[in-house]
>>> print(open('final.cif').read())   # mmCIF, C-alpha atoms and all ligand atoms
data_structure
loop_
_atom_site.label_atom_id
_atom_site.label_comp_id
_atom_site.auth_asym_id
_atom_site.auth_seq_id
_atom_site.Cartn_x
_atom_site.Cartn_y
_atom_site.Cartn_z
CA MET I 1 0.00 0.00 0.00
CA GLY I 2 2.97 2.33 0.57
CA GLY I 3 1.03 3.88 3.48
CA GLU I 4 -1.77 5.18 1.22
CA PRO I 5 -5.17 5.00 2.93
CA ILE I 6 -7.81 2.63 1.59
CA LYS I 7 -10.26 4.71 -0.44
CA ARG I 8 -11.97 2.29 -2.79
CA VAL I 9 -13.41 -0.93 -1.40
CA GLY I 10 -14.81 -3.89 -3.31
CA ILE I 11 -17.19 -6.29 -1.61
CA VAL I 12 -17.86 -9.67 -3.15
CA GLY I 13 -21.08 -11.28 -1.96
CA SER I 14 -24.42 -9.69 -1.25
CA GLY I 15 -25.71 -11.60 1.80
CA ILE I 16 -26.35 -10.15 5.27
CA MET I 17 -22.65 -9.60 5.89
CA GLY I 18 -21.92 -8.17 2.41
CA SER I 19 -24.71 -5.67 2.84
CA GLY I 20 -23.57 -4.69 6.35
CA LEU I 21 -19.99 -4.28 5.12
CA ALA I 22 -21.13 -2.02 2.27
CA GLU I 23 -22.94 0.20 4.78
CA VAL I 24 -19.94 0.35 7.12
CA ALA I 25 -17.36 1.16 4.40
CA ALA I 26 -19.56 3.73 2.63
CA LYS I 27 -20.31 5.48 5.93
CA ALA I 28 -16.54 5.67 6.51
CA GLY I 29 -16.27 7.71 3.29
CA CYS I 30 -14.98 4.96 0.97
CA GLU I 31 -16.21 4.39 -2.57
CA VAL I 32 -17.84 0.95 -2.42
CA ILE I 33 -18.52 -1.40 -5.26
CA VAL I 34 -20.48 -4.55 -4.49
CA ARG I 35 -20.17 -7.51 -6.79
CA SER I 36 -22.76 -10.22 -6.76
CA ARG I 37 -23.16 -13.16 -9.12
CA SER I 38 -26.41 -11.70 -10.42
CA ARG I 39 -27.09 -8.05 -11.11
CA ALA I 40 -30.52 -8.47 -9.48
CA SER I 41 -29.06 -9.53 -6.09
CA ALA I 42 -26.45 -6.73 -6.20
CA GLU I 43 -29.25 -4.25 -6.88
CA ALA I 44 -31.39 -5.81 -4.11
CA LEU I 45 -28.50 -5.15 -1.74
CA VAL I 46 -28.44 -1.48 -2.70
CA ALA I 47 -32.24 -1.34 -2.24
CA GLY I 48 -31.85 -2.96 1.23
CA LEU I 49 -29.13 -0.48 2.11
CA THR I 50 -31.38 2.40 1.01
CA LYS I 51 -34.08 1.07 3.35
CA SER I 52 -31.68 0.58 6.29
CA LEU I 53 -30.30 4.14 5.90
CA GLY I 54 -33.88 5.44 5.52
CA ARG I 55 -34.75 3.94 8.92
CA GLN I 56 -31.75 5.71 10.43
CA VAL I 57 -32.97 9.01 8.94
CA GLU I 58 -36.42 8.40 10.44
CA LYS I 59 -34.79 7.77 13.84
CA GLY I 60 -32.86 11.04 13.48
CA LYS I 61 -29.49 9.21 13.53
CA LEU I 62 -28.57 10.32 10.00
CA THR I 63 -29.53 13.35 7.94
CA GLY I 64 -31.14 12.99 4.52
CA VAL I 65 -28.07 14.63 2.98
CA ASP I 66 -25.71 12.15 4.66
CA ARG I 67 -27.89 9.25 3.50
CA ASP I 68 -27.69 10.50 -0.08
CA ASP I 69 -23.91 10.94 0.22
CA VAL I 70 -23.50 7.40 1.56
CA LEU I 71 -25.73 5.95 -1.17
CA GLY I 72 -23.89 7.98 -3.79
CA ARG I 73 -20.71 6.15 -2.84
CA VAL I 74 -22.17 2.65 -3.36
CA SER I 75 -22.58 0.93 -6.71
CA ALA I 76 -23.45 -2.62 -7.69
CA THR I 77 -22.16 -4.90 -10.41
CA ASP I 78 -22.22 -8.52 -11.54
CA HIS I 79 -18.81 -8.14 -13.19
CA LEU I 80 -15.68 -9.01 -11.18
CA GLY I 81 -13.55 -6.88 -13.53
CA ALA I 82 -15.32 -3.79 -12.19
CA LEU I 83 -13.23 -4.16 -8.99
CA VAL I 84 -10.04 -3.27 -10.89
CA ASP I 85 -9.43 0.04 -9.08
CA CYS I 86 -10.12 -1.18 -5.54
CA ASP I 87 -7.46 -0.75 -2.84
CA LEU I 88 -9.16 -3.44 -0.76
CA VAL I 89 -11.50 -6.25 -1.73
CA ILE I 90 -13.42 -8.03 1.04
CA GLU I 91 -14.75 -11.44 0.13
CA SER I 92 -18.01 -12.34 1.87
CA VAL I 93 -19.45 -15.16 -0.24
CA VAL I 94 -20.84 -18.55 0.82
CA GLU I 95 -18.72 -20.49 3.38
CA ASP I 96 -17.41 -23.01 0.83
CA LEU I 97 -13.63 -23.32 0.62
CA ALA I 98 -13.58 -24.39 -3.04
CA VAL I 99 -15.70 -21.37 -4.02
CA LYS I 100 -13.51 -18.99 -2.02
CA LYS I 101 -10.27 -20.46 -3.41
CA ALA I 102 -11.49 -20.08 -6.98
CA LEU I 103 -12.61 -16.52 -6.25
CA PHE I 104 -9.25 -15.52 -4.77
CA ALA I 105 -7.44 -16.93 -7.81
CA GLU I 106 -9.79 -14.96 -10.07
CA LEU I 107 -9.50 -11.75 -8.03
CA GLU I 108 -5.71 -11.99 -8.27
CA GLN I 109 -6.05 -11.59 -12.05
CA VAL I 110 -8.31 -8.55 -11.71
CA ILE I 111 -6.96 -6.26 -9.01
CA GLN I 112 -3.86 -4.09 -9.03
CA ALA I 113 -0.52 -4.98 -7.46
CA HIS I 114 -0.92 -2.75 -4.39
CA ALA I 115 -4.41 -3.99 -3.47
CA ILE I 116 -5.20 -6.04 -0.37
CA LEU I 117 -7.47 -9.08 -0.51
CA ALA I 118 -9.42 -9.87 2.65
CA THR I 119 -11.85 -12.59 3.61
CA ASN I 120 -14.71 -12.36 6.08
CA THR I 121 -14.57 -16.14 6.59
CA SER I 122 -15.39 -17.41 10.06
CA THR I 123 -14.36 -21.01 9.43
CA PHE I 124 -11.46 -21.46 7.01
CA PRO I 125 -7.71 -20.97 7.47
CA VAL I 126 -6.89 -17.65 5.79
CA VAL I 127 -3.56 -19.04 4.58
CA ASP I 128 -5.45 -21.48 2.31
CA LEU I 129 -6.78 -18.45 0.43
CA ALA I 130 -3.52 -16.45 0.58
CA VAL I 131 -1.65 -19.18 -1.31
CA GLN I 132 -4.12 -19.03 -4.20
CA THR I 133 -2.65 -15.64 -5.08
CA GLN I 134 0.67 -14.12 -6.13
CA ARG I 135 0.36 -11.69 -3.18
CA PRO I 136 0.18 -13.85 -0.04
CA ASP I 137 1.74 -10.93 1.89
CA ARG I 138 -1.34 -8.82 1.04
CA VAL I 139 -4.02 -11.31 2.10
CA CYS I 140 -5.65 -11.25 5.55
CA GLY I 141 -8.85 -12.15 7.33
CA LEU I 142 -11.14 -9.25 8.20
CA HIS I 143 -13.84 -10.75 10.38
CA PHE I 144 -16.82 -8.52 11.08
CA PHE I 145 -19.68 -9.42 13.41
CA ASN I 146 -23.40 -9.57 12.77
CA PRO I 147 -25.00 -7.00 12.49
CA ALA I 148 -21.90 -5.35 11.02
CA PRO I 149 -23.13 -1.73 11.20
CA VAL I 150 -23.66 -2.10 14.98
CA MET I 151 -20.95 -4.44 16.26
CA ARG I 152 -17.71 -2.62 17.16
CA LEU I 153 -15.22 -5.45 16.82
CA VAL I 154 -13.22 -6.47 13.77
CA GLU I 155 -10.81 -9.40 14.03
CA ILE I 156 -7.82 -8.93 11.73
CA VAL I 157 -6.76 -12.51 11.10
CA ARG I 158 -3.10 -12.72 10.28
CA PRO I 159 -1.95 -15.72 8.24
CA LEU I 160 1.75 -16.68 8.44
CA THR I 161 2.24 -15.07 5.03
CA ALA I 162 0.89 -11.55 5.78
CA SER I 163 3.17 -8.50 5.98
CA ASP I 164 3.21 -5.87 8.74
CA ASP I 165 2.19 -3.24 6.15
CA THR I 166 -0.96 -5.20 5.32
CA VAL I 167 -1.93 -5.61 8.96
CA ASP I 168 -1.26 -1.90 9.61
CA ALA I 169 -3.34 -0.83 6.59
CA LEU I 170 -6.26 -2.98 7.75
CA LYS I 171 -6.01 -1.68 11.31
CA ALA I 172 -6.21 1.88 9.95
CA PHE I 173 -9.16 0.91 7.73
CA ALA I 174 -11.06 -0.66 10.66
CA ILE I 175 -10.45 2.38 12.86
CA GLY I 176 -11.60 4.63 9.98
CA CYS I 177 -14.82 2.57 9.95
CA ASP I 178 -15.23 3.41 13.67
CA LYS I 179 -14.49 -0.21 14.63
CA GLU I 180 -12.16 -1.67 17.22
CA PRO I 181 -9.64 -4.01 15.58
CA VAL I 182 -7.82 -6.87 17.29
CA VAL I 183 -5.10 -8.88 15.59
CA VAL I 184 -5.50 -12.66 15.85
CA ALA I 185 -3.45 -15.63 14.64
CA ASP I 186 -4.91 -17.77 11.87
CA ARG I 187 -6.55 -20.46 14.08
CA ALA I 188 -10.07 -21.84 13.71
CA GLY I 189 -12.59 -19.61 15.47
CA PHE I 190 -10.08 -16.77 15.97
CA VAL I 191 -10.88 -15.24 19.39
CA VAL I 192 -14.61 -14.66 19.50
CA ASN I 193 -16.05 -17.75 17.86
CA ALA I 194 -13.59 -20.06 19.66
CA LEU I 195 -15.00 -18.81 22.97
CA LEU I 196 -18.61 -18.11 21.92
CA PHE I 197 -19.57 -21.33 20.16
CA PRO I 198 -18.85 -23.81 22.99
CA TYR I 199 -21.19 -21.62 25.08
CA LEU I 200 -23.92 -21.64 22.40
CA ASN I 201 -23.50 -25.39 21.85
CA ASN I 202 -23.67 -26.07 25.59
CA ALA I 203 -26.85 -24.00 25.86
CA VAL I 204 -28.51 -26.38 23.37
CA ARG I 205 -27.08 -29.35 25.30
CA MET I 206 -28.64 -27.88 28.45
CA LEU I 207 -32.00 -27.64 26.68
CA GLU I 208 -31.64 -31.26 25.50
CA SER I 209 -31.00 -32.40 29.06
CA GLY I 210 -34.12 -30.60 30.33
CA THR I 211 -32.41 -28.20 32.72
CA ALA I 212 -34.69 -25.30 31.71
CA SER I 213 -36.78 -24.08 28.79
CA MET I 214 -35.02 -22.15 26.02
CA GLU I 215 -36.92 -19.00 27.01
CA ASP I 216 -35.68 -19.35 30.59
CA ILE I 217 -32.10 -20.07 29.49
CA ASP I 218 -32.22 -16.90 27.34
CA THR I 219 -33.70 -14.89 30.21
CA ALA I 220 -31.07 -16.25 32.60
CA MET I 221 -28.11 -15.28 30.41
CA GLN I 222 -29.53 -11.83 29.64
CA GLY I 223 -30.40 -11.04 33.24
CA GLY I 224 -27.50 -12.89 34.86
CA CYS I 225 -24.67 -11.76 32.59
CA ASN I 226 -26.06 -8.62 30.94
CA PHE I 227 -25.70 -10.25 27.51
CA PRO I 228 -27.80 -8.30 24.96
CA MET I 229 -29.52 -11.51 23.87
CA GLY I 230 -29.70 -15.07 25.15
CA PRO I 231 -27.98 -18.03 23.41
CA PHE I 232 -31.04 -19.25 21.46
CA ALA I 233 -31.89 -15.78 20.13
CA LEU I 234 -28.22 -15.39 19.15
CA LEU I 235 -28.10 -18.79 17.42
CA ASP I 236 -31.15 -17.69 15.39
CA LEU I 237 -29.44 -14.40 14.52
CA VAL I 238 -26.20 -16.05 13.39
CA GLY I 239 -28.00 -18.90 11.60
CA LEU I 240 -27.95 -22.52 12.75
CA ASP I 241 -26.33 -23.64 9.49
CA THR I 242 -23.49 -21.15 9.98
CA SER I 243 -23.24 -22.18 13.63
CA VAL I 244 -22.85 -25.87 12.78
CA ALA I 245 -20.25 -25.01 10.13
CA ILE I 246 -18.28 -23.01 12.72
CA LEU I 247 -18.50 -25.82 15.31
CA ASP I 248 -17.40 -28.38 12.71
CA ALA I 249 -14.37 -26.23 11.80
CA LEU I 250 -13.46 -25.83 15.49
CA TYR I 251 -13.87 -29.56 16.16
CA GLU I 252 -11.80 -30.46 13.10
CA GLU I 253 -8.95 -28.22 14.29
CA PHE I 254 -8.93 -28.87 18.06
CA ARG I 255 -10.88 -32.14 18.64
CA ASP I 256 -12.34 -30.65 21.82
CA PRO I 257 -15.72 -32.30 22.65
CA ASN I 258 -17.14 -28.86 23.55
CA TYR I 259 -16.94 -28.08 19.84
CA ALA I 260 -18.87 -31.20 18.71
CA ALA I 261 -22.25 -29.85 17.52
CA VAL I 262 -25.09 -31.35 19.56
CA PRO I 263 -27.72 -33.44 17.69
CA THR I 264 -30.55 -30.87 18.02
CA LEU I 265 -28.56 -28.30 16.05
CA ARG I 266 -27.90 -30.73 13.20
CA ARG I 267 -31.52 -31.91 13.07
CA MET I 268 -32.80 -28.33 12.98
CA VAL I 269 -30.48 -27.53 10.09
CA ALA I 270 -31.69 -30.66 8.28
CA ALA I 271 -35.27 -29.48 8.81
CA GLY I 272 -34.46 -26.04 7.37
CA HIS I 273 -35.13 -24.35 10.71
CA VAL I 274 -31.95 -22.31 10.46
CA GLY I 275 -33.00 -19.12 12.23
CA ARG I 276 -34.21 -15.62 11.42
CA LYS I 277 -33.32 -15.76 7.75
CA ALA I 278 -35.64 -18.80 7.33
CA GLY I 279 -38.43 -17.28 9.46
CA LYS I 280 -37.96 -20.16 11.92
CA GLY I 281 -35.23 -21.39 14.20
CA PHE I 282 -35.55 -21.83 17.94
CA TYR I 283 -38.10 -19.01 17.71
CA ALA I 284 -40.57 -18.11 14.93
CA TYR I 285 -40.19 -14.81 13.07
CA GLY I 286 -42.78 -12.88 11.07
CA ARG I 287 -41.56 -12.54 7.49
N1 LIG I 301 -28.29 -2.75 10.78
C1 LIG I 301 -28.11 -1.48 11.25
N2 LIG I 301 -28.46 -1.13 12.52
C2 LIG I 301 -29.02 -2.07 13.31
C3 LIG I 301 -29.23 -3.41 12.89
C4 LIG I 301 -28.83 -3.72 11.55
N3 LIG I 301 -28.97 -4.97 11.04
N4 LIG I 301 -29.78 -4.11 13.91
C5 LIG I 301 -29.91 -3.27 14.94
N5 LIG I 301 -29.44 -2.05 14.59
C6 LIG I 301 -29.34 -0.87 15.44
C7 LIG I 301 -30.70 -0.30 15.73
O1 LIG I 301 -31.08 0.66 14.75
C8 LIG I 301 -30.50 0.31 17.09
O2 LIG I 301 -29.86 1.58 17.01
P1 LIG I 301 -30.36 2.79 17.95
O3 LIG I 301 -30.42 2.23 19.35
O4 LIG I 301 -29.28 3.84 17.78
O5 LIG I 301 -31.67 3.18 17.39
C9 LIG I 301 -29.47 -0.58 17.77
O6 LIG I 301 -28.81 -1.30 16.73
C10 LIG I 301 -30.15 -1.53 18.71
O7 LIG I 301 -31.13 -2.23 17.98
P2 LIG I 301 -32.59 -2.56 18.50
O8 LIG I 301 -33.04 -1.51 19.48
O9 LIG I 301 -33.46 -2.88 17.33
O10 LIG I 301 -32.48 -3.94 19.24
P3 LIG I 301 -31.54 -4.38 20.40
O11 LIG I 301 -31.26 -3.30 21.37
O12 LIG I 301 -32.15 -5.66 20.84
O13 LIG I 301 -30.13 -4.69 19.67
C11 LIG I 301 -28.63 -6.15 18.60
C12 LIG I 301 -30.04 -5.61 18.64
C13 LIG I 301 -27.67 -5.01 18.22
C14 LIG I 301 -28.59 -7.22 17.55
C15 LIG I 301 -28.27 -6.68 20.05
O14 LIG I 301 -29.26 -7.55 20.49
C16 LIG I 301 -26.93 -7.35 20.10
O15 LIG I 301 -25.89 -6.71 20.20
N6 LIG I 301 -26.94 -8.71 20.07
C17 LIG I 301 -25.73 -9.51 20.10
C18 LIG I 301 -25.23 -9.68 18.71
C19 LIG I 301 -24.00 -10.53 18.67
O16 LIG I 301 -23.53 -11.08 19.66
N7 LIG I 301 -23.44 -10.65 17.46
C20 LIG I 301 -22.27 -11.46 17.24
C21 LIG I 301 -22.67 -12.74 16.60
S1 LIG I 301 -21.29 -13.81 16.28
C22 LIG I 301 -20.74 -13.33 14.78
O17 LIG I 301 -21.24 -12.43 14.13
C23 LIG I 301 -19.55 -14.06 14.27
C24 LIG I 301 -19.85 -14.83 13.01
O18 LIG I 301 -18.66 -15.40 12.52
C25 LIG I 301 -20.89 -15.89 13.22
#
>>> encode(input="final.cif", output="structure tokens")
Amino acid sequence: MGGEPIKRVGIVGSGIMGSGLAEVAAKAGCEVIVRSRSRASAEALVAGLTKSLGRQVEKGKLTGVDRDDVLGRVSATDHLGALVDCDLVIESVVEDLAVKKALFAELEQVIQAHAILATNTSTFPVVDLAVQTQRPDRVCGLHFFNPAPVMRLVEIVRPLTASDDTVDALKAFAIGCDKEPVVVADRAGFVVNALLFPYLNNAVRMLESGTASMEDIDTAMQGGCNFPMGPFALLDLVGLDTSVAILDALYEEFRDPNYAAVPTLRRMVAAGHVGRKAGKGFYAYGR
């Protein structure tokens, strides 16, 4: 980067995290270009962002002028080549290693030599993606939390190959986005998920063993620990499919029984009851 600040950010993937990341980076003053596989889903993301910013205007948290400025900095495309001028590209596509590897190899052909490639993965070793490129020193994890516009933390996941300049540039970017970065080694779960998911898994185990109802377990952890939401509400927010994938990655790496997903979680995923995004998880959600 040669110390130049990150001004133009590409986001690949238009799911919940991609959309949150677009909001965060555009609010920080960056030009943001979101690439989705279909033009329709990229445009849907911009429409969703317009709605989210509109709500903030209604709440008096943002002025109409600021909303228009933020929206004016975001564009959508279905063409990877459109990311050519980005200083940073953040990958936030489906948690499938083969898909991410192919994408990193493709991005390497598109972006300029100085650009940094980051992944928002919560499950895969970042080094596996770094080695798909000719710039393993400029590849890092940049792990945001859900909902990205609200959650302050960003884990900067440092693979063995990353340079100090890359880590410093990403720290500066995260701070510019009004986030609090921590630097973490490239181990499954990083800091937060490695500590959070045994707790979530054990909450489901506790429900299975009949210790208390899920509502009472949620109430207990909110009232007893001041957590903003209980474990079942949080599992629904994260998605049970994502949660099982994270537990599987943790178990694969550390073989700790606390990471072995309990049967209820797997059965609920098989049933399609994966949480808020499906309208049904541990709780039911109006759609
Ligand atoms: N986008 C933008 N703003 C949002 C938002 C979103 N998706 N969701 C909530 N907000 C804003 C609201 O506008 C509100 O702002 P205001 O108080 O200034 O008006 C504020 O956040 C609080 O929202 P609400 O009043 O609607 O509701 P709550 O007070 O219940 O807060 C919550 C909702 C922020 C989600 C809170 O319950 C919370 O912090 N929960 C914990 C979330 C958490 O732990 N996330 C981490 C998950 S793990 C992860 O992401 C890792 C991954 O790898 C799986």
>>> residues_near_ligand(input="final.cif", ligand="ligand LIG 301 (chain I)", cutoff="10 Å", atoms="all atoms listed in the file", output="ChimeraX atom specification")
/I:16-17,19-20,23-24,49,52-53,55-56,58-61,120-123,143-155,189-190,192-194,196-197,227-231,233-240,242-243,245-246
>>> residues_around(input="final.cif", residues="Met206 (chain I)", least_positions_apart="2", cutoff="12 Å", atoms="all atoms listed in the file", output="list in words")
Pro198, Tyr199, Leu200, Asn201, Asn202, Ala203, Val204, Glu208, Ser209, Gly210, Thr211, Ala212, Ser213, Met214, Asp216, Ile217, Asp218, Pro231, Phe232, Val262 and Thr264 of chain I
>>> residues_around(input="final.cif", residues="Lys101 (chain I)", least_positions_apart="3", cutoff="8 Å", atoms="all atoms listed in the file", output="ChimeraX atom specification")
/I:97-98,104-105,128-129,132
>>> residues_around(input="final.cif", residues="Arg266 (chain I)", least_positions_apart="5", cutoff="10 Å", atoms="only C-alpha atoms", output="list in words")
Leu240, Asp241, Ser243, Val244, Ala261, Ala271, Gly272, His273 and Val274 of chain I
>>> atom_distance(input="final.cif", atom1="CA of Glu31 (chain I)", atom2="CA of Ser163 (chain I)")
24.8 Å
>>> atom_distance(input="final.cif", atom1="CA of Glu253 (chain I)", atom2="CA of Pro125 (chain I)")
10.0 Å
>>> atom_distance(input="final.cif", atom1="CA of Arg67 (chain I)", atom2="CA of Gly54 (chain I)")
7.4 Å
>>> residues_around(input="final.cif", residues="Pro5 (chain I)", least_positions_apart="2", cutoff="12 Å", atoms="all atoms listed in the file", output="list in words")
Met1, Gly2, Gly3, Lys7, Arg8, Val9, Ala28, Gly29, Cys30, Cys86, Asp87, Leu88, His114, Ala115, Ile116, Asp165, Thr166, Asp168, Ala169, Leu170, Lys171, Ala172, Phe173, Ala174, Ile175 and Gly176 of chain I
>>> closest_residue(input="final.cif", among="I:Gly281, I:Arg73, I:Glu106, I:Phe124", to="Glu252 (chain I)", atoms="all atoms listed in the file")
I:Phe124
>>> residues_near_point(input="final.cif", point="(-28.4, -9.3, -8.1)", cutoff="12 Å", atoms="all atoms listed in the file", output="number ranges by chain")
I: 12-15, 34-48, 75-79
>>> closest_residue(input="final.cif", among="I:Val191, I:Ala162, I:Ala260, I:Val157", to="Arg135 (chain I)", atoms="all atoms listed in the file")
I:Ala162
>>> residues_around(input="final.cif", residues="Gly81 (chain I)", least_positions_apart="4", cutoff="9 Å", atoms="all atoms listed in the file", output="PDB file with C-alpha atoms, keeping the file's coordinate frame")
ATOM      1  CA  LEU I 107      -9.500 -11.750  -8.030  1.00  0.00           C
ATOM      2  CA  GLN I 109      -6.050 -11.590 -12.050  1.00  0.00           C
ATOM      3  CA  VAL I 110      -8.310  -8.550 -11.710  1.00  0.00           C
ATOM      4  CA  ILE I 111      -6.960  -6.260  -9.010  1.00  0.00           C
TER       5      ILE I 111
END
>>> closest_residue(input="final.cif", among="I:Ala102, I:Leu83, I:Ala118, I:Val70", to="Gly10 (chain I)", atoms="only C-alpha atoms")
I:Leu83
